[in-house]
>>> print(open('my_file-v4.pdb').read())   # PDB, C-alpha atoms and all ligand atoms
ATOM      1  CA  MET R   1      20.223 -50.672  71.799
ATOM      2  CA  ALA R   2      18.478 -47.947  73.493
ATOM      3  CA  SER R   3      19.900 -44.684  72.138
ATOM      4  CA  ILE R   4      23.314 -43.386  73.189
ATOM      5  CA  PHE R   5      21.482 -40.741  75.209
ATOM      6  CA  GLY R   6      19.529 -43.342  77.156
ATOM      7  CA  HIS R   7      22.624 -45.433  77.821
ATOM      8  CA  GLY R   8      24.777 -42.437  78.691
ATOM      9  CA  LEU R   9      22.222 -41.054  81.128
ATOM     10  CA  VAL R  10      22.038 -44.369  82.963
ATOM     11  CA  GLY R  11      25.843 -44.433  83.234
ATOM     12  CA  TYR R  12      25.836 -40.925  84.646
ATOM     13  CA  THR R  13      23.064 -41.760  87.129
ATOM     14  CA  ALA R  14      24.768 -44.975  88.254
ATOM     15  CA  SER R  15      27.944 -43.030  88.916
ATOM     16  CA  LYS R  16      26.161 -40.349  90.949
ATOM     17  CA  LEU R  17      24.124 -42.931  92.834
ATOM     18  CA  ILE R  18      27.096 -44.990  93.980
ATOM     19  CA  ASP R  19      29.590 -42.213  94.467
ATOM     20  CA  SER R  20      27.894 -38.895  95.100
ATOM     21  CA  LYS R  21      31.177 -37.034  94.783
ATOM     22  CA  SER R  22      32.110 -38.683  91.493
ATOM     23  CA  SER R  23      34.952 -36.845  89.797
ATOM     24  CA  LYS R  24      34.465 -35.535  86.267
ATOM     25  CA  LEU R  25      36.784 -38.288  85.103
ATOM     26  CA  LEU R  26      34.657 -41.009  86.680
ATOM     27  CA  LEU R  27      31.439 -39.514  85.281
ATOM     28  CA  PHE R  28      33.005 -39.346  81.853
ATOM     29  CA  LEU R  29      34.223 -42.952  82.040
ATOM     30  CA  ALA R  30      30.835 -44.119  83.322
ATOM     31  CA  ILE R  31      28.965 -42.462  80.466
ATOM     32  CA  GLY R  32      31.465 -43.826  77.950
ATOM     33  CA  SER R  33      31.288 -47.320  79.441
ATOM     34  CA  ALA R  34      27.505 -47.320  79.240
ATOM     35  CA  ILE R  35      27.693 -46.534  75.521
ATOM     36  CA  LEU R  36      30.771 -48.582  74.623
ATOM     37  CA  PRO R  37      29.182 -52.055  74.217
ATOM     38  CA  ASP R  38      27.456 -50.901  71.027
ATOM     39  CA  LEU R  39      30.802 -50.566  69.280
ATOM     40  CA  ASP R  40      30.027 -54.162  68.406
ATOM     41  CA  VAL R  41      27.775 -52.937  65.581
ATOM     42  CA  LEU R  42      31.083 -52.764  63.707
ATOM     43  CA  ALA R  43      30.846 -56.550  63.647
ATOM     44  CA  PHE R  44      28.232 -56.211  60.908
ATOM     45  CA  LYS R  45      30.839 -54.456  58.750
ATOM     46  CA  PHE R  46      33.156 -57.442  59.156
ATOM     47  CA  GLY R  47      30.414 -59.851  58.199
ATOM     48  CA  ILE R  48      30.001 -61.244  61.719
ATOM     49  CA  SER R  49      26.378 -62.236  62.122
ATOM     50  CA  TYR R  50      24.089 -60.863  64.820
ATOM     51  CA  SER R  51      23.811 -64.182  66.622
ATOM     52  CA  HIS R  52      27.584 -64.862  66.651
ATOM     53  CA  PRO R  53      29.146 -64.548  70.155
ATOM     54  CA  PHE R  54      31.054 -61.504  68.862
ATOM     55  CA  GLY R  55      28.042 -60.183  66.941
ATOM     56  CA  HIS R  56      25.876 -57.286  68.057
ATOM     57  CA  ARG R  57      24.648 -57.667  71.656
ATOM     58  CA  GLY R  58      27.178 -60.447  72.106
ATOM     59  CA  PHE R  59      30.400 -60.460  74.120
ATOM     60  CA  THR R  60      30.648 -56.680  74.636
ATOM     61  CA  HIS R  61      27.231 -56.840  76.316
ATOM     62  CA  SER R  62      28.217 -59.713  78.624
ATOM     63  CA  ILE R  63      28.863 -59.756  82.353
ATOM     64  CA  LEU R  64      32.431 -60.942  81.795
ATOM     65  CA  PHE R  65      33.164 -58.008  79.502
ATOM     66  CA  ALA R  66      31.809 -55.580  82.130
ATOM     67  CA  VAL R  67      34.097 -57.156  84.745
ATOM     68  CA  CYS R  68      37.223 -56.997  82.550
ATOM     69  CA  TRP R  69      36.552 -53.491  81.283
ATOM     70  CA  SER R  70      35.811 -52.034  84.720
ATOM     71  CA  VAL R  71      38.864 -53.655  86.316
ATOM     72  CA  LEU R  72      41.063 -52.399  83.479
ATOM     73  CA  LEU R  73      39.801 -48.817  83.753
ATOM     74  CA  SER R  74      39.984 -48.789  87.531
ATOM     75  CA  PHE R  75      43.657 -49.803  87.364
ATOM     76  CA  LEU R  76      44.398 -47.229  84.682
ATOM     77  CA  PHE R  77      42.500 -44.305  86.227
ATOM     78  CA  GLY R  78      41.324 -45.221  89.726
ATOM     79  CA  LYS R  79      44.474 -44.245  91.682
ATOM     80  CA  ASN R  80      43.520 -44.555  95.361
ATOM     81  CA  ARG R  81      39.834 -45.104  94.532
ATOM     82  CA  LYS R  82      40.149 -48.264  92.469
ATOM     83  CA  LEU R  83      37.319 -50.120  94.176
ATOM     84  CA  ILE R  84      34.801 -47.314  93.704
ATOM     85  CA  PHE R  85      35.885 -46.909  90.082
ATOM     86  CA  ALA R  86      35.541 -50.632  89.483
ATOM     87  CA  ILE R  87      32.044 -50.803  91.023
ATOM     88  CA  VAL R  88      30.718 -47.719  89.234
ATOM     89  CA  LEU R  89      32.177 -48.736  85.887
ATOM     90  CA  PHE R  90      31.064 -52.354  86.196
ATOM     91  CA  LEU R  91      27.480 -51.248  86.806
ATOM     92  CA  SER R  92      27.606 -48.598  84.072
ATOM     93  CA  THR R  93      28.898 -51.090  81.531
ATOM     94  CA  LEU R  94      26.434 -53.775  82.557
ATOM     95  CA  SER R  95      23.555 -51.280  82.568
ATOM     96  CA  HIS R  96      23.914 -51.232  78.803
ATOM     97  CA  GLY R  97      23.015 -54.897  78.403
ATOM     98  CA  ILE R  98      20.287 -54.586  81.011
ATOM     99  CA  LEU R  99      18.629 -51.770  79.054
ATOM    100  CA  ASP R 100      19.028 -53.658  75.787
ATOM    101  CA  ALA R 101      17.353 -56.682  77.367
ATOM    102  CA  MET R 102      14.311 -54.474  77.964
ATOM    103  CA  THR R 103      14.023 -53.278  74.369
ATOM    104  CA  SER R 104      11.263 -54.211  71.986
ATOM    105  CA  GLY R 105      13.375 -55.458  69.096
ATOM    106  CA  GLY R 106      16.516 -57.125  67.863
ATOM    107  CA  LYS R 107      18.016 -60.237  69.359
ATOM    108  CA  GLY R 108      18.483 -60.655  73.077
ATOM    109  CA  VAL R 109      21.609 -59.941  75.087
ATOM    110  CA  GLY R 110      24.405 -62.484  75.514
ATOM    111  CA  PHE R 111      24.963 -61.894  79.226
ATOM    112  CA  PHE R 112      26.834 -65.162  79.757
ATOM    113  CA  ILE R 113      29.065 -65.217  76.680
ATOM    114  CA  PRO R 114      31.620 -66.837  76.382
ATOM    115  CA  PHE R 115      30.304 -69.475  78.802
ATOM    116  CA  GLU R 116      26.926 -69.788  77.227
ATOM    117  CA  ASN R 117      25.805 -68.231  73.953
ATOM    118  CA  SER R 118      22.065 -67.809  74.518
ATOM    119  CA  ARG R 119      20.562 -64.347  74.158
ATOM    120  CA  TYR R 120      18.244 -63.010  76.824
ATOM    121  CA  PHE R 121      15.426 -60.541  77.225
ATOM    122  CA  PHE R 122      13.743 -59.511  80.453
ATOM    123  CA  PRO R 123       9.972 -59.973  80.782
ATOM    124  CA  PHE R 124       9.564 -56.173  80.553
ATOM    125  CA  ARG R 125      10.326 -54.999  77.038
ATOM    126  CA  GLY R 126       8.825 -51.519  76.956
ATOM    127  CA  ILE R 127      11.885 -49.648  75.652
ATOM    128  CA  LYS R 128      11.720 -49.063  71.922
ATOM    129  CA  VAL R 129      14.719 -50.311  70.017
ATOM    130  CA  SER R 130      16.818 -47.448  68.670
ATOM    131  CA  PRO R 131      17.903 -47.098  65.037
ATOM    132  CA  LEU R 132      21.565 -47.969  64.512
ATOM    133  CA  GLY R 133      22.210 -45.498  61.707
ATOM    134  CA  ILE R 134      22.508 -41.739  62.093
ATOM    135  CA  GLU R 135      20.114 -40.932  59.218
ATOM    136  CA  GLN R 136      17.469 -43.228  60.585
ATOM    137  CA  PHE R 137      17.829 -41.556  63.935
ATOM    138  CA  PHE R 138      16.614 -38.238  62.509
ATOM    139  CA  SER R 139      13.275 -39.689  61.579
ATOM    140  CA  GLU R 140       9.917 -40.303  63.155
ATOM    141  CA  TRP R 141      11.356 -43.518  64.544
ATOM    142  CA  GLY R 142      14.148 -41.572  66.246
ATOM    143  CA  VAL R 143      11.673 -39.124  67.769
ATOM    144  CA  ASN R 144       9.484 -41.953  69.027
ATOM    145  CA  VAL R 145      12.508 -43.632  70.564
ATOM    146  CA  LEU R 146      13.521 -40.476  72.404
ATOM    147  CA  LEU R 147      10.009 -39.893  73.749
ATOM    148  CA  ASN R 148       9.799 -43.487  74.852
ATOM    149  CA  GLU R 149      13.208 -43.285  76.552
ATOM    150  CA  LEU R 150      12.202 -40.077  78.247
ATOM    151  CA  LYS R 151       9.426 -42.040  79.921
ATOM    152  CA  TYR R 152      11.278 -45.235  80.828
ATOM    153  CA  ILE R 153      14.830 -43.953  81.303
ATOM    154  CA  GLY R 154      14.801 -40.140  81.483
ATOM    155  CA  ILE R 155      12.158 -39.659  84.171
ATOM    156  CA  PRO R 156      13.398 -42.445  86.494
ATOM    157  CA  CYS R 157      16.995 -41.193  86.218
ATOM    158  CA  PHE R 158      15.889 -37.624  86.760
ATOM    159  CA  LEU R 159      13.946 -38.595  89.895
ATOM    160  CA  ILE R 160      16.974 -40.442  91.261
ATOM    161  CA  LEU R 161      19.291 -37.501  90.521
ATOM    162  CA  ILE R 162      16.914 -34.951  92.083
ATOM    163  CA  THR R 163      16.497 -37.117  95.194
ATOM    164  CA  LEU R 164      20.267 -37.512  95.494
ATOM    165  CA  HIS R 165      20.754 -33.802  95.038
ATOM    166  CA  PHE R 166      18.468 -32.949  97.953
ATOM    167  CA  ALA R 167      19.616 -35.850 100.103
ATOM    168  CA  ILE R 168      23.190 -34.605  99.818
ATOM    169  CA  LYS R 169      22.184 -31.007 100.436
ATOM    170  CA  SER R 170      20.299 -31.917 103.600
ATOM    171  CA  LYS R 171      23.419 -33.684 104.908
ATOM    172  CA  LEU R 172      25.547 -30.542 104.552
TER     173      LEU R 172
HETATM  174 ZN    ZN R 201      23.607 -52.515  72.860
END
>>> encode(input="my_file-v4.pdb", output="structure tokens", more="lines below")
Ligand SMILES: [Zn+2]
Amino acid sequence: MASIFGHGLVGYTASKLIDSKSSKLLLFLAIGSAILPDLDVLAFKFGISYSHPFGHRGFTHSILFAVCWSVLLSFLFGKNRKLIFAIVLFLSTLSHGILDAMTSGGKGVGFFIPFENSRYFFPFRGIKVSPLGIEQFFSEWGVNVLLNELKYIGIPCFLILITLHFAIKSKL
């Protein structure tokens, strides 16, 4: 994974980008959805191996999971804006796997599970893989990860958010 900060920021940005007047609820769900797929690290505790379809970066990082999760949340919370909720949350959830597929370590992402169990990386793999444990995160590794994410995730998201901010202002 990238860190929860990297994933969360991308969820937030995706939400703002697609729906400039995103409610607090939608922003919250988008950030949560962008982080959620890494709950699968619990699989290690149950002895499920990394490369298993339900292992880390497996089903919860797949396209099908993003579809199911976003449809579920949009029905639960979307009220009269179900389509917008579904689109924002689908992209937020999927953004997680997309970021992971650009990281420098671990196994690839099982985008097509359960149809096909291969793991994928993108050709660009400049994002440093983030430590899974909390203690490891407060280490030189953790600092390096945050600096690296600032460059590849933080600055691009910030530029998008700033541009949106002024684009919306100029429309008012
Ligand atoms: Zn992940």
>>> residues_near_ligand(input="my_file-v4.pdb", ligand="ligand ZN 201 (chain R)", cutoff="12 Å", atoms="all atoms listed in the file", output="VMD selection string")
chain R and resid 1 to 4 6 to 8 33 to 42 50 55 to 62 93 to 103 105 to 111 129 to 132
>>> atom_distance(input="my_file-v4.pdb", atom1="atom CA of R:Ile84", atom2="atom CA of R:Ser23")
11.2 Å
>>> closest_residue(input="my_file-v4.pdb", among="R:Leu29, R:Ile162, R:Ile127, R:Ile153", to="R:Ser92", atoms="all atoms listed in the file")
R:Leu29
>>> closest_residue(input="my_file-v4.pdb", among="R:Phe90, R:Phe75, R:Phe54, R:Phe46", to="R:Gly32", atoms="all atoms listed in the file")
R:Phe90
>>> closest_residue(input="my_file-v4.pdb", among="R:Ala14, R:Leu64, R:Leu159, R:Ile168", to="R:Val88", atoms="all atoms listed in the file")
R:Ala14
>>> closest_residue(input="my_file-v4.pdb", among="R:Phe158, R:Ser20, R:Phe5, R:Phe112", to="R:Gly142", atoms="only C-alpha atoms")
R:Phe5
>>> residues_around(input="my_file-v4.pdb", residues="R:Ser15", least_positions_apart="6", cutoff="7 Å", atoms="only C-alpha atoms", output="PyMOL selection string")
chain R and resi 22+27+30+88
>>> atom_distance(input="my_file-v4.pdb", atom1="atom CA of R:Lys128", atom2="atom CA of R:Phe44")
21.1 Å
>>> atom_distance(input="my_file-v4.pdb", atom1="atom CA of R:Pro123", atom2="atom CA of R:Val10")
19.8 Å
>>> axis_aligned_box(input="my_file-v4.pdb", around="stretch 114-126 of chain R", padding_each_side="3 Å", output="JSON")
{"center_x": 20.2, "center_y": -60.7, "center_z": 77.4, "size_x": 28.8, "size_y": 24.3, "size_z": 12.8}
>>> resolve_selection(input="my_file-v4.pdb", expression="the PyMOL selection byres (((chain R and resi 83) around 12) and not hetatm)", output="mmCIF file with C-alpha atoms, in the frame of the given file")
data_model
loop_
_atom_site.group_PDB
_atom_site.id
_atom_site.type_symbol
_atom_site.label_atom_id
_atom_site.label_comp_id
_atom_site.auth_asym_id
_atom_site.auth_seq_id
_atom_site.Cartn_x
_atom_site.Cartn_y
_atom_site.Cartn_z
ATOM 1 C CA ILE R 18 27.096 -44.990 93.980
ATOM 2 C CA ASP R 19 29.590 -42.213 94.467
ATOM 3 C CA SER R 70 35.811 -52.034 84.720
ATOM 4 C CA VAL R 71 38.864 -53.655 86.316
ATOM 5 C CA LEU R 72 41.063 -52.399 83.479
ATOM 6 C CA LEU R 73 39.801 -48.817 83.753
ATOM 7 C CA SER R 74 39.984 -48.789 87.531
ATOM 8 C CA PHE R 75 43.657 -49.803 87.364
ATOM 9 C CA PHE R 77 42.500 -44.305 86.227
ATOM 10 C CA GLY R 78 41.324 -45.221 89.726
ATOM 11 C CA LYS R 79 44.474 -44.245 91.682
ATOM 12 C CA ASN R 80 43.520 -44.555 95.361
ATOM 13 C CA ARG R 81 39.834 -45.104 94.532
ATOM 14 C CA LYS R 82 40.149 -48.264 92.469
ATOM 15 C CA ILE R 84 34.801 -47.314 93.704
ATOM 16 C CA PHE R 85 35.885 -46.909 90.082
ATOM 17 C CA ALA R 86 35.541 -50.632 89.483
ATOM 18 C CA ILE R 87 32.044 -50.803 91.023
ATOM 19 C CA VAL R 88 30.718 -47.719 89.234
ATOM 20 C CA LEU R 89 32.177 -48.736 85.887
ATOM 21 C CA PHE R 90 31.064 -52.354 86.196
#
>>> closest_residue(input="my_file-v4.pdb", among="R:Ile63, R:Ile31, R:Val143, R:Ala167", to="R:Pro114", atoms="only C-alpha atoms")
R:Ile63
>>> closest_residue(input="my_file-v4.pdb", among="R:Asn148, R:Ser51, R:Ser170, R:Thr13", to="R:Gly126", atoms="all atoms listed in the file")
R:Asn148
>>> decode(input="my_file-v4.pdb", residues="stretch 25-40 of chain R", atoms="all heavy atoms", output="PDB file, in the first residue's frame")
ATOM      1  N   LEU R  25     -20.534  14.004   4.055  1.00  0.00           N
ATOM      2  CA  LEU R  25     -20.739  12.559   4.097  1.00  0.00           C
ATOM      3  C   LEU R  25     -20.028  11.873   2.930  1.00  0.00           C
ATOM      4  O   LEU R  25     -19.327  10.878   3.105  1.00  0.00           O
ATOM      5  CB  LEU R  25     -22.242  12.249   4.051  1.00  0.00           C
ATOM      6  CG  LEU R  25     -22.607  10.769   3.936  1.00  0.00           C
ATOM      7  CD1 LEU R  25     -22.176  10.004   5.187  1.00  0.00           C
ATOM      8  CD2 LEU R  25     -24.101  10.584   3.688  1.00  0.00           C
ATOM      9  N   LEU R  26     -20.197  12.448   1.731  1.00  0.00           N
ATOM     10  CA  LEU R  26     -19.572  11.823   0.559  1.00  0.00           C
ATOM     11  C   LEU R  26     -18.044  11.889   0.662  1.00  0.00           C
ATOM     12  O   LEU R  26     -17.355  10.915   0.347  1.00  0.00           O
ATOM     13  CB  LEU R  26     -20.054  12.501  -0.734  1.00  0.00           C
ATOM     14  CG  LEU R  26     -19.512  11.896  -2.030  1.00  0.00           C
ATOM     15  CD1 LEU R  26     -19.774  10.401  -2.107  1.00  0.00           C
ATOM     16  CD2 LEU R  26     -20.117  12.580  -3.248  1.00  0.00           C
ATOM     17  N   LEU R  27     -17.522  13.016   1.126  1.00  0.00           N
ATOM     18  CA  LEU R  27     -16.063  13.130   1.284  1.00  0.00           C
ATOM     19  C   LEU R  27     -15.555  12.085   2.271  1.00  0.00           C
ATOM     20  O   LEU R  27     -14.553  11.412   2.030  1.00  0.00           O
ATOM     21  CB  LEU R  27     -15.692  14.530   1.784  1.00  0.00           C
ATOM     22  CG  LEU R  27     -15.788  15.637   0.737  1.00  0.00           C
ATOM     23  CD1 LEU R  27     -15.581  16.999   1.388  1.00  0.00           C
ATOM     24  CD2 LEU R  27     -14.761  15.425  -0.370  1.00  0.00           C
ATOM     25  N   PHE R  28     -16.284  11.952   3.354  1.00  0.00           N
ATOM     26  CA  PHE R  28     -15.901  10.984   4.383  1.00  0.00           C
ATOM     27  C   PHE R  28     -15.916   9.557   3.820  1.00  0.00           C
ATOM     28  O   PHE R  28     -14.969   8.778   4.010  1.00  0.00           O
ATOM     29  CB  PHE R  28     -16.870  11.119   5.562  1.00  0.00           C
ATOM     30  CG  PHE R  28     -16.677  10.102   6.630  1.00  0.00           C
ATOM     31  CD1 PHE R  28     -15.632  10.213   7.536  1.00  0.00           C
ATOM     32  CD2 PHE R  28     -17.540   9.022   6.741  1.00  0.00           C
ATOM     33  CE1 PHE R  28     -15.446   9.263   8.527  1.00  0.00           C
ATOM     34  CE2 PHE R  28     -17.366   8.061   7.735  1.00  0.00           C
ATOM     35  CZ  PHE R  28     -16.319   8.183   8.624  1.00  0.00           C
ATOM     36  N   LEU R  29     -16.987   9.228   3.093  1.00  0.00           N
ATOM     37  CA  LEU R  29     -17.087   7.884   2.511  1.00  0.00           C
ATOM     38  C   LEU R  29     -15.998   7.651   1.468  1.00  0.00           C
ATOM     39  O   LEU R  29     -15.457   6.555   1.348  1.00  0.00           O
ATOM     40  CB  LEU R  29     -18.470   7.681   1.879  1.00  0.00           C
ATOM     41  CG  LEU R  29     -19.655   7.621   2.849  1.00  0.00           C
ATOM     42  CD1 LEU R  29     -20.968   7.541   2.075  1.00  0.00           C
ATOM     43  CD2 LEU R  29     -19.526   6.427   3.793  1.00  0.00           C
ATOM     44  N   ALA R  30     -15.684   8.709   0.712  1.00  0.00           N
ATOM     45  CA  ALA R  30     -14.656   8.569  -0.334  1.00  0.00           C
ATOM     46  C   ALA R  30     -13.286   8.311   0.283  1.00  0.00           C
ATOM     47  O   ALA R  30     -12.542   7.445  -0.178  1.00  0.00           O
ATOM     48  CB  ALA R  30     -14.621   9.823  -1.203  1.00  0.00           C
ATOM     49  N   ILE R  31     -12.979   9.058   1.348  1.00  0.00           N
ATOM     50  CA  ILE R  31     -11.686   8.851   2.011  1.00  0.00           C
ATOM     51  C   ILE R  31     -11.636   7.436   2.600  1.00  0.00           C
ATOM     52  O   ILE R  31     -10.671   6.696   2.413  1.00  0.00           O
ATOM     53  CB  ILE R  31     -11.466   9.911   3.116  1.00  0.00           C
ATOM     54  CG1 ILE R  31     -11.325  11.295   2.489  1.00  0.00           C
ATOM     55  CG2 ILE R  31     -10.231   9.577   3.955  1.00  0.00           C
ATOM     56  CD1 ILE R  31     -11.371  12.443   3.494  1.00  0.00           C
ATOM     57  N   GLY R  32     -12.720   7.060   3.277  1.00  0.00           N
ATOM     58  CA  GLY R  32     -12.778   5.724   3.876  1.00  0.00           C
ATOM     59  C   GLY R  32     -12.655   4.629   2.827  1.00  0.00           C
ATOM     60  O   GLY R  32     -11.934   3.647   3.013  1.00  0.00           O
ATOM     61  N   SER R  33     -13.338   4.819   1.696  1.00  0.00           N
ATOM     62  CA  SER R  33     -13.313   3.798   0.642  1.00  0.00           C
ATOM     63  C   SER R  33     -11.931   3.664   0.023  1.00  0.00           C
ATOM     64  O   SER R  33     -11.548   2.589  -0.425  1.00  0.00           O
ATOM     65  CB  SER R  33     -14.313   4.156  -0.467  1.00  0.00           C
ATOM     66  OG  SER R  33     -15.611   4.178   0.056  1.00  0.00           O
ATOM     67  N   ALA R  34     -11.192   4.766  -0.007  1.00  0.00           N
ATOM     68  CA  ALA R  34      -9.850   4.716  -0.592  1.00  0.00           C
ATOM     69  C   ALA R  34      -8.865   4.011   0.327  1.00  0.00           C
ATOM     70  O   ALA R  34      -7.822   3.540  -0.111  1.00  0.00           O
ATOM     71  CB  ALA R  34      -9.359   6.130  -0.900  1.00  0.00           C
ATOM     72  N   ILE R  35      -9.214   3.935   1.614  1.00  0.00           N
ATOM     73  CA  ILE R  35      -8.326   3.279   2.586  1.00  0.00           C
ATOM     74  C   ILE R  35      -8.746   1.827   2.819  1.00  0.00           C
ATOM     75  O   ILE R  35      -7.925   0.936   3.012  1.00  0.00           O
ATOM     76  CB  ILE R  35      -8.345   4.062   3.926  1.00  0.00           C
ATOM     77  CG1 ILE R  35      -7.764   5.467   3.716  1.00  0.00           C
ATOM     78  CG2 ILE R  35      -7.568   3.330   5.009  1.00  0.00           C
ATOM     79  CD1 ILE R  35      -7.934   6.394   4.914  1.00  0.00           C
ATOM     80  N   LEU R  36     -10.075   1.620   2.759  1.00  0.00           N
ATOM     81  CA  LEU R  36     -10.671   0.327   3.102  1.00  0.00           C
ATOM     82  C   LEU R  36      -9.989  -0.930   2.538  1.00  0.00           C
ATOM     83  O   LEU R  36      -9.831  -1.907   3.271  1.00  0.00           O
ATOM     84  CB  LEU R  36     -12.146   0.342   2.671  1.00  0.00           C
ATOM     85  CG  LEU R  36     -12.898  -0.956   2.867  1.00  0.00           C
ATOM     86  CD1 LEU R  36     -13.454  -1.013   4.286  1.00  0.00           C
ATOM     87  CD2 LEU R  36     -14.023  -1.105   1.861  1.00  0.00           C
ATOM     88  N   PRO R  37      -9.609  -0.959   1.253  1.00  0.00           N
ATOM     89  CA  PRO R  37      -9.086  -2.225   0.710  1.00  0.00           C
ATOM     90  C   PRO R  37      -7.949  -2.827   1.529  1.00  0.00           C
ATOM     91  O   PRO R  37      -7.781  -4.042   1.555  1.00  0.00           O
ATOM     92  CB  PRO R  37      -8.614  -1.829  -0.698  1.00  0.00           C
ATOM     93  CG  PRO R  37      -9.561  -0.736  -1.091  1.00  0.00           C
ATOM     94  CD  PRO R  37      -9.752   0.064   0.181  1.00  0.00           C
ATOM     95  N   ASP R  38      -7.203  -2.002   2.271  1.00  0.00           N
ATOM     96  CA  ASP R  38      -6.095  -2.564   3.040  1.00  0.00           C
ATOM     97  C   ASP R  38      -6.519  -3.280   4.311  1.00  0.00           C
ATOM     98  O   ASP R  38      -5.670  -3.836   5.013  1.00  0.00           O
ATOM     99  CB  ASP R  38      -5.051  -1.492   3.360  1.00  0.00           C
ATOM    100  CG  ASP R  38      -4.032  -1.390   2.244  1.00  0.00           C
ATOM    101  OD1 ASP R  38      -3.922  -2.343   1.452  1.00  0.00           O
ATOM    102  OD2 ASP R  38      -3.340  -0.363   2.164  1.00  0.00           O
ATOM    103  N   LEU R  39      -7.831  -3.306   4.586  1.00  0.00           N
ATOM    104  CA  LEU R  39      -8.282  -4.150   5.697  1.00  0.00           C
ATOM    105  C   LEU R  39      -7.879  -5.602   5.444  1.00  0.00           C
ATOM    106  O   LEU R  39      -7.830  -6.413   6.357  1.00  0.00           O
ATOM    107  CB  LEU R  39      -9.807  -4.082   5.832  1.00  0.00           C
ATOM    108  CG  LEU R  39     -10.372  -2.951   6.683  1.00  0.00           C
ATOM    109  CD1 LEU R  39     -11.866  -3.138   6.838  1.00  0.00           C
ATOM    110  CD2 LEU R  39      -9.707  -2.911   8.055  1.00  0.00           C
ATOM    111  N   ASP R  40      -7.571  -5.890   4.190  1.00  0.00           N
ATOM    112  CA  ASP R  40      -7.212  -7.275   3.858  1.00  0.00           C
ATOM    113  C   ASP R  40      -5.878  -7.699   4.471  1.00  0.00           C
ATOM    114  O   ASP R  40      -5.511  -8.858   4.391  1.00  0.00           O
ATOM    115  CB  ASP R  40      -7.211  -7.496   2.339  1.00  0.00           C
ATOM    116  CG  ASP R  40      -6.142  -6.699   1.629  1.00  0.00           C
ATOM    117  OD1 ASP R  40      -5.356  -6.011   2.300  1.00  0.00           O
ATOM    118  OD2 ASP R  40      -6.102  -6.764   0.383  1.00  0.00           O
TER     119      ASP R  40
END
